[in-house]
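Everything below belongs to work26.tsv, which stores TSV, C-alpha atoms and all ligand atoms.
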```tsv
chain	number	residue	atom	x	y	z
H	1	MET	CA	-46.65	-20.59	14.42
H	2	ASP	CA	-43.09	-19.39	13.74
H	3	HIS	CA	-40.95	-20.05	16.83
H	4	SER	CA	-37.65	-19.14	15.14
H	5	ALA	CA	-35.40	-16.64	16.87
H	6	ASP	CA	-36.20	-14.01	14.22
H	7	ALA	CA	-39.90	-14.04	14.99
H	8	TYR	CA	-39.23	-13.11	18.62
H	9	ARG	CA	-36.58	-10.42	18.42
H	10	THR	CA	-36.88	-9.59	22.09
H	11	ASP	CA	-33.18	-8.70	22.17
H	12	LEU	CA	-33.89	-5.58	20.07
H	13	MET	CA	-32.50	-2.27	21.34
H	14	THR	CA	-35.63	-0.26	22.08
H	15	ILE	CA	-35.35	3.41	22.99
H	16	THR	CA	-36.30	2.58	26.59
H	17	ARG	CA	-33.50	0.05	26.88
H	18	PHE	CA	-31.11	2.44	25.22
H	19	VAL	CA	-31.83	5.26	27.66
H	20	LEU	CA	-31.73	2.88	30.66
H	21	ASN	CA	-28.30	1.69	29.47
H	22	GLU	CA	-27.14	5.31	29.27
H	23	GLN	CA	-28.55	5.94	32.74
H	24	SER	CA	-26.68	2.98	34.21
H	25	LYS	CA	-23.38	4.65	33.19
H	26	HIS	CA	-24.11	7.42	35.71
H	27	ALA	CA	-24.20	5.97	39.23
H	28	GLU	CA	-25.74	9.17	40.63
H	29	SER	CA	-28.64	9.14	38.15
H	30	ARG	CA	-32.09	8.78	39.70
H	31	GLY	CA	-33.83	8.03	36.43
H	32	ASP	CA	-35.55	11.41	36.10
H	33	PHE	CA	-34.34	11.91	32.54
H	34	THR	CA	-35.44	8.39	31.57
H	35	ILE	CA	-38.92	9.12	32.90
H	36	LEU	CA	-39.07	12.47	31.11
H	37	LEU	CA	-38.00	10.89	27.85
H	38	SER	CA	-40.56	8.10	28.13
H	39	HIS	CA	-43.25	10.80	28.32
H	40	ILE	CA	-41.85	12.56	25.25
H	41	VAL	CA	-41.79	9.23	23.41
H	42	LEU	CA	-45.43	8.62	24.31
H	43	GLY	CA	-46.28	12.11	23.00
H	44	CYS	CA	-44.54	11.26	19.71
H	45	LYS	CA	-46.53	8.01	19.39
H	46	PHE	CA	-49.78	9.90	19.97
H	47	VAL	CA	-48.94	12.55	17.38
H	48	CYS	CA	-47.75	9.91	14.92
H	49	SER	CA	-51.05	8.11	15.23
H	50	ALA	CA	-52.99	11.38	14.85
H	51	VAL	CA	-50.96	12.37	11.76
H	52	ASN	CA	-51.56	8.97	10.18
H	53	LYS	CA	-55.29	9.21	10.84
H	54	ALA	CA	-55.58	12.90	9.95
H	55	GLY	CA	-57.53	12.39	6.72
H	56	LEU	CA	-59.81	9.79	8.22
H	57	ALA	CA	-60.50	11.68	11.39
H	58	LYS	CA	-61.23	14.86	9.45
H	59	LEU	CA	-58.59	16.59	11.51
H	60	ILE	CA	-57.31	18.47	8.51
H	61	GLY	CA	-58.49	22.02	8.34
H	62	LEU	CA	-58.18	25.24	10.19
H	63	ALA	CA	-58.87	25.35	13.88
H	64	GLY	CA	-59.95	28.95	13.41
H	65	GLU	CA	-57.23	30.37	15.62
H	66	THR	CA	-54.01	32.24	15.01
H	67	ASN	CA	-50.87	31.47	16.99
H	68	VAL	CA	-48.33	33.88	18.49
H	69	GLN	CA	-46.48	34.35	15.22
H	70	GLY	CA	-49.77	35.29	13.50
H	71	GLU	CA	-49.74	32.09	11.47
H	72	GLU	CA	-52.72	29.89	10.80
H	73	GLN	CA	-52.99	27.12	13.30
H	74	LYS	CA	-54.16	23.80	12.01
H	75	LYS	CA	-56.10	21.33	14.10
H	76	LEU	CA	-53.18	18.95	14.25
H	77	ASP	CA	-50.95	21.71	15.68
H	78	VAL	CA	-53.44	22.36	18.45
H	79	LEU	CA	-53.82	18.68	19.21
H	80	SER	CA	-50.06	18.02	19.17
H	81	ASN	CA	-49.46	20.92	21.52
H	82	GLU	CA	-52.01	19.58	23.98
H	83	VAL	CA	-50.52	16.09	23.72
H	84	PHE	CA	-47.01	17.29	24.54
H	85	VAL	CA	-47.97	19.74	27.28
H	86	LYS	CA	-49.96	17.00	29.04
H	87	ALA	CA	-47.24	14.41	28.54
H	88	LEU	CA	-44.53	16.74	29.88
H	89	VAL	CA	-46.46	18.07	32.87
H	90	SER	CA	-47.62	14.58	33.90
H	91	SER	CA	-44.04	13.31	33.85
H	92	GLY	CA	-43.51	15.26	37.09
H	93	ARG	CA	-40.02	16.07	35.83
H	94	THR	CA	-40.50	19.49	34.24
H	95	CYS	CA	-40.78	22.97	35.72
H	96	ILE	CA	-40.98	25.25	32.69
H	97	LEU	CA	-42.15	24.57	29.13
H	98	VAL	CA	-41.81	26.68	26.00
H	99	SER	CA	-43.92	25.66	23.01
H	100	GLU	CA	-44.06	27.29	19.60
H	101	GLU	CA	-47.83	27.29	19.93
H	102	ASP	CA	-48.04	29.15	23.25
H	103	GLU	CA	-47.25	32.84	23.56
H	104	LEU	CA	-46.11	32.52	27.17
H	105	ALA	CA	-43.90	29.95	28.80
H	106	ILE	CA	-45.83	27.42	30.88
H	107	VAL	CA	-44.75	27.27	34.51
H	108	VAL	CA	-45.63	23.86	35.90
H	109	GLU	CA	-47.67	23.80	39.11
H	110	PRO	CA	-45.51	23.18	42.20
H	111	SER	CA	-46.82	19.67	42.99
H	112	LYS	CA	-45.76	18.42	39.53
H	113	ARG	CA	-42.42	20.20	39.26
H	114	GLY	CA	-39.14	18.55	38.34
H	115	LYS	CA	-35.73	19.81	37.29
H	116	TYR	CA	-36.09	20.03	33.51
H	117	CYS	CA	-37.08	22.82	31.14
H	118	VAL	CA	-38.37	21.54	27.79
H	119	VAL	CA	-38.58	23.73	24.68
H	120	PHE	CA	-40.47	22.27	21.74
H	121	ASP	CA	-42.24	22.74	18.46
H	122	PRO	CA	-45.04	20.17	18.71
H	123	LEU	CA	-45.68	19.96	14.96
H	124	ASP	CA	-43.22	21.70	12.70
H	125	GLY	CA	-43.79	22.11	8.98
H	126	SER	CA	-47.53	22.34	9.32
H	127	SER	CA	-47.94	23.92	5.87
H	128	ASN	CA	-47.11	20.41	4.64
H	129	ILE	CA	-49.86	18.57	6.53
H	130	ASP	CA	-52.53	18.68	3.87
H	131	CYS	CA	-50.34	17.19	1.14
H	132	GLY	CA	-48.95	14.31	3.17
H	133	VAL	CA	-45.34	15.53	3.26
H	134	SER	CA	-43.21	14.65	6.30
H	135	ILE	CA	-43.64	16.83	9.37
H	136	GLY	CA	-42.18	16.50	12.84
H	137	THR	CA	-41.79	17.40	16.50
H	138	ILE	CA	-38.59	19.14	17.65
H	139	PHE	CA	-37.49	19.33	21.29
H	140	GLY	CA	-34.62	20.50	23.47
H	141	ILE	CA	-34.07	19.88	27.18
H	142	TYR	CA	-32.29	22.02	29.78
H	143	MET	CA	-31.63	21.18	33.40
H	144	ILE	CA	-32.58	23.93	35.88
H	145	LYS	CA	-30.52	24.42	39.02
H	146	ASP	CA	-33.27	25.74	41.25
H	147	HIS	CA	-36.52	24.30	40.01
H	148	SER	CA	-38.54	25.29	43.08
H	149	GLU	CA	-38.80	28.84	41.69
H	150	PRO	CA	-38.63	28.52	37.88
H	151	LYS	CA	-38.07	31.83	36.06
H	152	LEU	CA	-38.36	32.81	32.42
H	153	GLU	CA	-34.57	33.29	32.32
H	154	ASP	CA	-34.23	29.55	32.97
H	155	ALA	CA	-35.54	29.00	29.45
H	156	LEU	CA	-33.33	31.70	27.93
H	157	GLN	CA	-30.07	29.77	28.06
H	158	PRO	CA	-27.65	29.28	25.17
H	159	GLY	CA	-28.12	26.07	23.20
H	160	LYS	CA	-24.79	24.70	24.41
H	161	ASN	CA	-26.40	24.28	27.86
H	162	MET	CA	-28.93	21.76	26.55
H	163	VAL	CA	-28.59	18.30	28.06
H	164	ALA	CA	-30.48	16.63	25.24
H	165	ALA	CA	-32.25	17.41	21.98
H	166	GLY	CA	-34.09	15.52	19.30
H	167	TYR	CA	-36.84	15.34	16.75
H	168	CYS	CA	-39.47	12.88	15.68
H	169	MET	CA	-40.30	12.77	11.98
H	170	TYR	CA	-43.75	11.64	10.90
H	171	GLY	CA	-43.06	10.42	7.39
H	172	SER	CA	-43.15	7.17	5.47
H	173	SER	CA	-41.97	5.79	8.79
H	174	CYS	CA	-41.88	7.43	12.21
H	175	THR	CA	-38.27	8.16	13.15
H	176	LEU	CA	-36.99	9.60	16.41
H	177	VAL	CA	-33.48	11.06	16.41
H	178	LEU	CA	-31.96	11.80	19.80
H	179	SER	CA	-28.78	13.09	21.37
H	180	THR	CA	-28.11	13.15	25.09
H	181	GLY	CA	-24.75	14.81	24.52
H	182	SER	CA	-22.74	11.76	23.49
H	183	GLY	CA	-23.47	11.26	19.83
H	184	VAL	CA	-26.68	10.92	17.85
H	185	ASN	CA	-28.88	7.84	17.52
H	186	GLY	CA	-31.96	7.20	15.39
H	187	PHE	CA	-34.91	4.97	16.30
H	188	THR	CA	-37.77	3.84	14.06
H	189	LEU	CA	-41.23	3.09	15.37
H	190	ASP	CA	-42.27	-0.52	14.82
H	191	PRO	CA	-46.05	-0.07	14.69
H	192	SER	CA	-46.70	-3.74	15.46
H	193	LEU	CA	-44.77	-3.47	18.73
H	194	GLY	CA	-45.47	0.20	19.46
H	195	GLU	CA	-41.75	0.52	20.25
H	196	PHE	CA	-39.01	2.72	18.83
H	197	ILE	CA	-36.15	0.42	17.75
H	198	LEU	CA	-32.54	1.55	17.32
H	199	THR	CA	-32.11	1.55	13.53
H	200	HIS	CA	-29.51	4.30	13.04
H	201	PRO	CA	-26.81	3.90	15.71
H	202	GLU	CA	-24.15	6.59	16.10
H	203	ILE	CA	-25.14	8.83	13.21
H	204	LYS	CA	-22.19	10.76	11.77
H	205	ILE	CA	-22.78	13.40	9.13
H	206	PRO	CA	-20.45	13.16	6.09
H	207	LYS	CA	-17.65	15.76	6.35
H	208	LYS	CA	-18.75	17.31	3.06
H	209	GLY	CA	-21.98	16.88	1.17
H	210	LYS	CA	-23.40	17.14	-2.33
H	211	ILE	CA	-26.72	18.76	-1.43
H	212	TYR	CA	-27.78	22.29	-0.48
H	213	SER	CA	-31.22	23.01	0.90
H	214	VAL	CA	-32.77	26.47	0.94
H	215	ASN	CA	-35.92	28.35	-0.09
H	216	GLU	CA	-34.48	29.98	-3.22
H	217	GLY	CA	-37.67	31.99	-3.68
H	218	ASN	CA	-36.18	34.43	-1.17
H	219	ALA	CA	-32.92	34.84	-3.17
H	220	ARG	CA	-33.40	38.45	-4.23
H	221	ASN	CA	-33.49	39.53	-0.59
H	222	TRP	CA	-30.43	37.58	0.58
H	223	ASP	CA	-27.27	39.19	1.95
H	224	ALA	CA	-24.03	38.96	-0.07
H	225	PRO	CA	-22.41	35.95	1.73
H	226	THR	CA	-25.56	33.82	1.36
H	227	ALA	CA	-25.93	34.77	-2.32
H	228	LYS	CA	-22.23	34.03	-2.96
H	229	TYR	CA	-22.46	30.67	-1.18
H	230	VAL	CA	-25.49	29.48	-3.16
H	231	GLU	CA	-23.83	30.67	-6.40
H	232	LYS	CA	-20.79	28.56	-5.44
H	233	CYS	CA	-23.05	25.54	-4.87
H	234	LYS	CA	-24.38	25.88	-8.41
H	235	PHE	CA	-21.27	27.07	-10.25
H	236	PRO	CA	-18.21	25.84	-8.30
H	237	LYS	CA	-14.97	27.36	-9.58
H	238	ASP	CA	-12.64	24.71	-8.12
H	239	GLY	CA	-13.52	22.03	-10.66
H	240	SER	CA	-15.83	20.15	-8.28
H	241	SER	CA	-19.36	19.14	-9.31
H	242	ALA	CA	-22.33	21.41	-8.63
H	243	LYS	CA	-24.39	20.51	-5.60
H	244	SER	CA	-27.96	19.24	-5.96
H	245	LEU	CA	-30.82	21.27	-4.54
H	246	ARG	CA	-33.32	19.54	-2.26
H	247	TYR	CA	-35.88	21.55	-0.30
H	248	ILE	CA	-38.89	19.99	1.35
H	249	GLY	CA	-39.94	23.00	3.42
H	250	SER	CA	-40.23	20.89	6.58
H	251	MET	CA	-37.22	21.54	8.77
H	252	VAL	CA	-37.31	18.08	10.36
H	253	ALA	CA	-37.29	16.34	6.98
H	254	ASP	CA	-34.66	18.66	5.47
H	255	VAL	CA	-32.41	18.29	8.52
H	256	HIS	CA	-32.94	14.52	8.65
H	257	ARG	CA	-31.78	14.18	5.05
H	258	THR	CA	-28.84	16.50	5.74
H	259	LEU	CA	-27.78	14.41	8.75
H	260	LEU	CA	-27.90	11.15	6.81
H	261	TYR	CA	-26.61	12.24	3.39
H	262	GLY	CA	-24.55	15.30	4.28
H	263	GLY	CA	-24.69	18.78	2.78
H	264	ILE	CA	-26.08	22.00	4.14
H	265	PHE	CA	-29.47	23.35	5.20
H	266	LEU	CA	-29.86	27.10	5.39
H	267	TYR	CA	-32.59	29.49	6.43
H	268	PRO	CA	-30.68	32.75	6.10
H	269	ALA	CA	-31.60	36.30	6.98
H	270	ASP	CA	-33.10	38.35	4.19
H	271	LYS	CA	-34.15	41.96	3.74
H	272	LYS	CA	-37.73	41.14	4.68
H	273	SER	CA	-36.80	38.92	7.66
H	274	PRO	CA	-33.51	40.21	9.09
H	275	ASN	CA	-33.53	37.43	11.68
H	276	GLY	CA	-34.54	34.67	9.29
H	277	LYS	CA	-37.65	32.62	9.97
H	278	LEU	CA	-36.69	29.80	12.29
H	279	ARG	CA	-37.07	30.04	16.04
H	280	VAL	CA	-33.97	29.87	18.22
H	281	LEU	CA	-35.16	27.86	21.20
H	282	TYR	CA	-37.11	25.03	19.63
H	283	GLU	CA	-35.90	24.91	16.01
H	284	VAL	CA	-32.37	26.31	15.70
H	285	PHE	CA	-30.91	25.05	19.01
H	286	PRO	CA	-32.07	21.41	18.99
H	287	MET	CA	-31.06	20.94	15.34
H	288	SER	CA	-27.70	22.66	15.92
H	289	PHE	CA	-27.09	20.45	18.97
H	290	LEU	CA	-27.76	17.32	16.88
H	291	MET	CA	-25.55	18.56	14.03
H	292	GLU	CA	-22.59	19.21	16.32
H	293	GLN	CA	-23.08	15.88	18.05
H	294	ALA	CA	-23.01	14.17	14.64
H	295	GLY	CA	-19.75	15.92	13.71
H	296	GLY	CA	-21.21	18.81	11.72
H	297	GLN	CA	-21.51	22.52	12.47
H	298	ALA	CA	-24.21	25.15	12.93
H	299	PHE	CA	-23.59	28.86	12.34
H	300	THR	CA	-25.87	31.90	12.50
H	301	GLY	CA	-23.92	34.14	10.12
H	302	LYS	CA	-22.27	35.75	13.15
H	303	GLU	CA	-21.41	33.01	15.63
H	304	ARG	CA	-21.65	29.34	16.55
H	305	ALA	CA	-25.41	28.82	16.83
H	306	LEU	CA	-25.20	27.11	20.24
H	307	ASP	CA	-23.41	30.15	21.73
H	308	LEU	CA	-26.34	32.46	21.03
H	309	VAL	CA	-28.07	33.71	24.18
H	310	PRO	CA	-31.78	34.27	23.42
H	311	LYS	CA	-33.50	37.31	24.92
H	312	LYS	CA	-37.05	36.25	24.10
H	313	ILE	CA	-38.60	32.80	24.01
H	314	HIS	CA	-39.89	33.11	20.43
H	315	GLU	CA	-36.76	34.82	19.06
H	316	ARG	CA	-35.64	33.95	15.51
H	317	SER	CA	-32.19	33.52	14.02
H	318	PRO	CA	-30.66	32.85	10.62
H	319	ILE	CA	-29.12	29.37	10.49
H	320	PHE	CA	-26.64	27.45	8.34
H	321	LEU	CA	-26.18	23.86	9.48
H	322	GLY	CA	-24.82	20.60	8.15
H	323	SER	CA	-21.55	18.99	7.05
H	324	TYR	CA	-18.45	20.45	8.70
H	325	ASP	CA	-16.71	21.53	5.49
H	326	ASP	CA	-19.80	23.02	3.90
H	327	VAL	CA	-20.58	25.21	6.92
H	328	GLU	CA	-16.88	26.14	7.04
H	329	GLU	CA	-17.26	27.66	3.55
H	330	VAL	CA	-20.19	29.78	4.70
H	331	LYS	CA	-18.17	30.96	7.72
H	332	ALA	CA	-15.30	31.96	5.41
H	333	LEU	CA	-17.64	34.06	3.24
H	334	TYR	CA	-19.03	35.90	6.29
H	335	ALA	CA	-15.49	36.45	7.60
H	336	GLU	CA	-14.47	37.89	4.19
H	337	GLU	CA	-17.40	40.30	4.29
H	338	GLN	CA	-16.44	41.44	7.78
H	339	LYS	CA	-12.93	42.31	6.54
H	340	ALA	CA	-14.17	44.20	3.48
R	401	LIG	P1	-43.67	26.35	11.06
R	401	LIG	O1	-43.05	26.24	12.43
R	401	LIG	O2	-44.70	27.42	10.98
R	401	LIG	O3	-44.16	25.03	10.56
R	401	LIG	O4	-42.53	26.88	10.09
R	401	LIG	C1	-41.28	26.27	10.10
R	401	LIG	C2	-40.98	25.72	8.74
R	401	LIG	C3	-39.79	24.82	8.76
R	401	LIG	O5	-40.17	23.50	8.97
R	401	LIG	C4	-39.22	24.99	7.38
R	401	LIG	O6	-37.85	24.78	7.36
R	401	LIG	C5	-39.58	26.42	7.06
R	401	LIG	O7	-40.64	26.77	7.92
R	401	LIG	C6	-40.05	26.59	5.68
R	401	LIG	O8	-40.28	27.94	5.46
R	401	LIG	P2	-40.53	28.51	3.99
R	401	LIG	O9	-41.88	28.01	3.58
R	401	LIG	O10	-40.44	30.00	4.16
R	401	LIG	O11	-39.44	27.97	3.09
R	402	MG	MG	-41.91	25.33	13.57
```

Can you present the structure in this file as structure tokens?
Amino acid sequence: MDHSADAYRTDLMTITRFVLNEQSKHAESRGDFTILLSHIVLGCKFVCSAVNKAGLAKLIGLAGETNVQGEEQKKLDVLSNEVFVKALVSSGRTCILVSEEDELAIVVEPSKRGKYCVVFDPLDGSSNIDCGVSIGTIFGIYMIKDHSEPKLEDALQPGKNMVAAGYCMYGSSCTLVLSTGSGVNGFTLDPSLGEFILTHPEIKIPKKGKIYSVNEGNARNWDAPTAKYVEKCKFPKDGSSAKSLRYIGSMVADVHRTLLYGGIFLYPADKKSPNGKLRVLYEVFPMSFLMEQAGGQAFTGKERALDLVPKKIHERSPIFLGSYDDVEEVKALYAEEQKA
């Protein structure tokens, strides 16, 4: 038996320890957030295990239902939604939940209510399930002042009011990226321990990147600033090198790469979808929150993404997010158009 220090790395920074450390910095904290997060983490472990077993368990295939956006719902989406709703309600720390998979917001029964509102996409990128490409869960957390009487408006707050946001990517490894409003940290699931270990401390996005990420199949319907920006990526006129194109089609994976390597991810408006495709509450806001916390920016084409005030829970918005300088270029092109 190996009794060396390396074999028993019990000094590892697990996500639980990390959040408890954060909690200890706030004397008034009663640990509610730590409890909520431990339930989210358990949900991620469940979904990770289900995703890994999907082929074996014959989970792949249509569940025969259509979700609110009229899209096909796969079995794993249904299962992931149930996993997270149960995990969040049983935490006793939530009062209102908004899931991509549910048309209406879920108001938690009074006996299980707590002060948090959680908005989430339980399994994003589901068109990628059948071919084994990375998919993920995205979540954002708001604190509600009066949680005894939760109202729909409690969930319709601008992204800048979030107290935390994150995603869990189910890929070649299972990675959870989290911000509680003081930077961004990444944790990787060690399957032998069943623990998320801090592997990417204090993630900072490079100020400028060499990659752009967009579904170019929609190019003919883009507005002028988006078309000009992508043209600039390919044919820069300032002597710099052209950017590389990388597009997975799973927001979690595309944003994860953008955070680590830098560059820009865009899902712009187009003539067919004037509000873009991605949903404000549980896709645009959490990812914009993480980008800003990592030193990047997120812009809708009109304003800072986190300033947007949603009117409906499943509202969509165009989004440009990533390295500070790259998003700055997009902002300049939209400003130019405004002047013209
Ligand atoms: P989903 O919530 O139905 O899975 O759709 C969201 C996904 C994002 O992960 C990804 O960025 C985008 O849709 C890809 O859309 P497209 O196939 O139009 O490029
Ligand atoms: Mg989604």

Neighbours of ligand MG 402 (chain R) within 9 Å, counting only C-alpha atoms and all ligand atoms, as an mmCIF file with C-alpha atoms, in the frame of the given file?
```
data_model
loop_
_atom_site.group_PDB
_atom_site.id
_atom_site.type_symbol
_atom_site.label_atom_id
_atom_site.label_comp_id
_atom_site.auth_asym_id
_atom_site.auth_seq_id
_atom_site.Cartn_x
_atom_site.Cartn_y
_atom_site.Cartn_z
ATOM 1 C CA GLU H 100 -44.060 27.290 19.600
ATOM 2 C CA GLU H 101 -47.830 27.290 19.930
ATOM 3 C CA PHE H 120 -40.470 22.270 21.740
ATOM 4 C CA ASP H 121 -42.240 22.740 18.460
ATOM 5 C CA PRO H 122 -45.040 20.170 18.710
ATOM 6 C CA LEU H 123 -45.680 19.960 14.960
ATOM 7 C CA ASP H 124 -43.220 21.700 12.700
ATOM 8 C CA GLY H 125 -43.790 22.110 8.980
ATOM 9 C CA SER H 126 -47.530 22.340 9.320
ATOM 10 C CA GLY H 136 -42.180 16.500 12.840
ATOM 11 C CA THR H 137 -41.790 17.400 16.500
ATOM 12 C CA ILE H 138 -38.590 19.140 17.650
ATOM 13 C CA SER H 250 -40.230 20.890 6.580
ATOM 14 C CA MET H 251 -37.220 21.540 8.770
ATOM 15 C CA LEU H 278 -36.690 29.800 12.290
ATOM 16 C CA ARG H 279 -37.070 30.040 16.040
ATOM 17 C CA TYR H 282 -37.110 25.030 19.630
ATOM 18 C CA GLU H 283 -35.900 24.910 16.010
#
```

Return as a tab-separated table the residues of range 252-285 of chain H lying at most 9 Å from range 307-330 of chain H, together with the closest atom-to-atom pair for each and the distance in Å to one decimal, counting all atoms listed in the file, with rows in chain order and ascending residue number.
```
residue	atom	partner	partner_atom	distance
H:Val255	CA	H:Gly322	CA	7.9
H:Thr258	CA	H:Gly322	CA	6.2
H:Leu259	CA	H:Gly322	CA	6.9
H:Gly262	CA	H:Ser323	CA	5.5
H:Gly263	CA	H:Ser323	CA	5.3
H:Ile264	CA	H:Gly322	CA	4.4
H:Phe265	CA	H:Leu321	CA	5.4
H:Leu266	CA	H:Phe320	CA	4.4
H:Tyr267	CA	H:Ile319	CA	5.3
H:Pro268	CA	H:Pro318	CA	4.5
H:Ala269	CA	H:Pro318	CA	5.1
H:Asp270	CA	H:Pro318	CA	8.8
H:Pro274	CA	H:Pro318	CA	8.0
H:Asn275	CA	H:Ser317	CA	4.7
H:Gly276	CA	H:Pro318	CA	4.5
H:Lys277	CA	H:Arg316	CA	6.0
H:Leu278	CA	H:Arg316	CA	5.4
H:Arg279	CA	H:Arg316	CA	4.2
H:Val280	CA	H:Arg316	CA	5.2
H:Leu281	CA	H:Ile313	CA	6.6
H:Tyr282	CA	H:His314	CA	8.6
H:Val284	CA	H:Ile319	CA	6.9
H:Phe285	CA	H:Leu308	CA	8.9
```

Interatomic distance, CA of Ser241 in chain H to CA of Ile211 in chain H (Å, one decimal): 10.8 Å

Return the padded bounding box of range 282-291 of chain H as JSON: axis-aligned, built from all atoms listed in the file, 4 Å added on each side, with centre and edge lengths in Å to one decimal.
```
{"center_x": -31.3, "center_y": 21.8, "center_z": 16.8, "size_x": 19.6, "size_y": 17.0, "size_z": 13.6}
```

Could you check which of H:Val252, H:Val118, H:Ala305, H:Val19 is closest to ligand LIG 401 (chain R), using only C-alpha atoms and all ligand atoms?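 Of H:Val252, H:Val118, H:Ala305, H:Val19, the one nearest ligand LIG 401 (chain R), counting only C-alpha atoms and all ligand atoms, is H:Val252.
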
Atom pair CA of Pro236 in chain H / CA of Tyr212 in chain H: separation (Å):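 If I compute the distance from CA of Pro236 in chain H to CA of Tyr212 in chain H, I get 12.9 Å.
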
Using only C-alpha atoms for the distances, tell me which of H:Lys339, H:Arg93, H:Lys210, H:His200 is nearest to Ser148 in chain H. H:Arg93

Take the point (-41.2, 15.0, 24.5) in the file's coordinates, draw a sphere of radius 10 Å around it, and report as a PyMOL selection string every protein, DNA or RNA residue with an atom inside or on it, counting all atoms listed in the file. chain H and resi 36-44+83-85+87-88+91+118-122+137-141+165-168

Residue nearest ligand LIG 401 (chain R) - candidates H:Gly194, H:Pro158, H:Gly249, H:Gly296, atoms counted: all atoms listed in the file: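 Under the stated criterion, the closest residue is H:Gly249.
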
Quick check, in Å to one decimal: how far apart do CA of Pro206 in chain H and CA of Gly181 in chain H lie?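 Atom-to-atom, CA of Pro206 in chain H to CA of Gly181 in chain H, that is 19.0 Å.
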
Min atom-atom distance to ligand LIG 401 (chain R) from the set H:Lys272, H:Lys232, H:Lys237, H:Lys331, counting all atoms listed in the file, belongs to H:Lys272

For range 233-247 of chain H in the structure I just supplied, write out N, CA and C atoms - as a short mmCIF file (atom, residue, chain, number, x, y, z; two decimals), in the first residue's frame.
```cif
data_model
loop_
_atom_site.label_atom_id
_atom_site.label_comp_id
_atom_site.auth_asym_id
_atom_site.auth_seq_id
_atom_site.Cartn_x
_atom_site.Cartn_y
_atom_site.Cartn_z
N CYS H 233 -12.34 39.71 -38.48
CA CYS H 233 -11.67 38.56 -37.87
C CYS H 233 -10.90 37.78 -38.94
N LYS H 234 -11.51 37.70 -40.13
CA LYS H 234 -10.91 36.89 -41.19
C LYS H 234 -9.88 37.66 -42.01
N PHE H 235 -10.17 38.94 -42.24
CA PHE H 235 -9.28 39.76 -43.09
C PHE H 235 -8.91 41.05 -42.35
N PRO H 236 -8.10 40.94 -41.27
CA PRO H 236 -7.76 42.17 -40.53
C PRO H 236 -6.97 43.13 -41.40
N LYS H 237 -7.28 44.43 -41.25
CA LYS H 237 -6.60 45.41 -42.11
C LYS H 237 -5.45 46.10 -41.37
N ASP H 238 -5.24 45.73 -40.07
CA ASP H 238 -4.20 46.42 -39.30
C ASP H 238 -2.90 45.62 -39.25
N GLY H 239 -2.77 44.65 -40.13
CA GLY H 239 -1.52 43.88 -40.19
C GLY H 239 -1.48 42.71 -39.21
N SER H 240 -2.49 42.59 -38.35
CA SER H 240 -2.50 41.47 -37.40
C SER H 240 -2.93 40.18 -38.12
N SER H 241 -2.72 39.03 -37.46
CA SER H 241 -3.10 37.76 -38.09
C SER H 241 -4.60 37.56 -38.00
N ALA H 242 -5.12 36.79 -38.95
CA ALA H 242 -6.55 36.45 -38.92
C ALA H 242 -6.83 35.59 -37.70
N LYS H 243 -8.04 35.70 -37.19
CA LYS H 243 -8.41 34.85 -36.05
C LYS H 243 -8.79 33.46 -36.57
N SER H 244 -8.68 32.46 -35.70
CA SER H 244 -9.16 31.12 -36.04
C SER H 244 -10.62 31.01 -35.68
N LEU H 245 -11.34 30.18 -36.42
CA LEU H 245 -12.76 29.93 -36.11
C LEU H 245 -12.88 28.61 -35.36
N ARG H 246 -13.57 28.63 -34.24
CA ARG H 246 -13.89 27.41 -33.50
C ARG H 246 -15.35 27.50 -33.09
N TYR H 247 -16.17 26.54 -33.50
CA TYR H 247 -17.57 26.57 -33.08
C TYR H 247 -18.05 25.16 -32.80
#
```
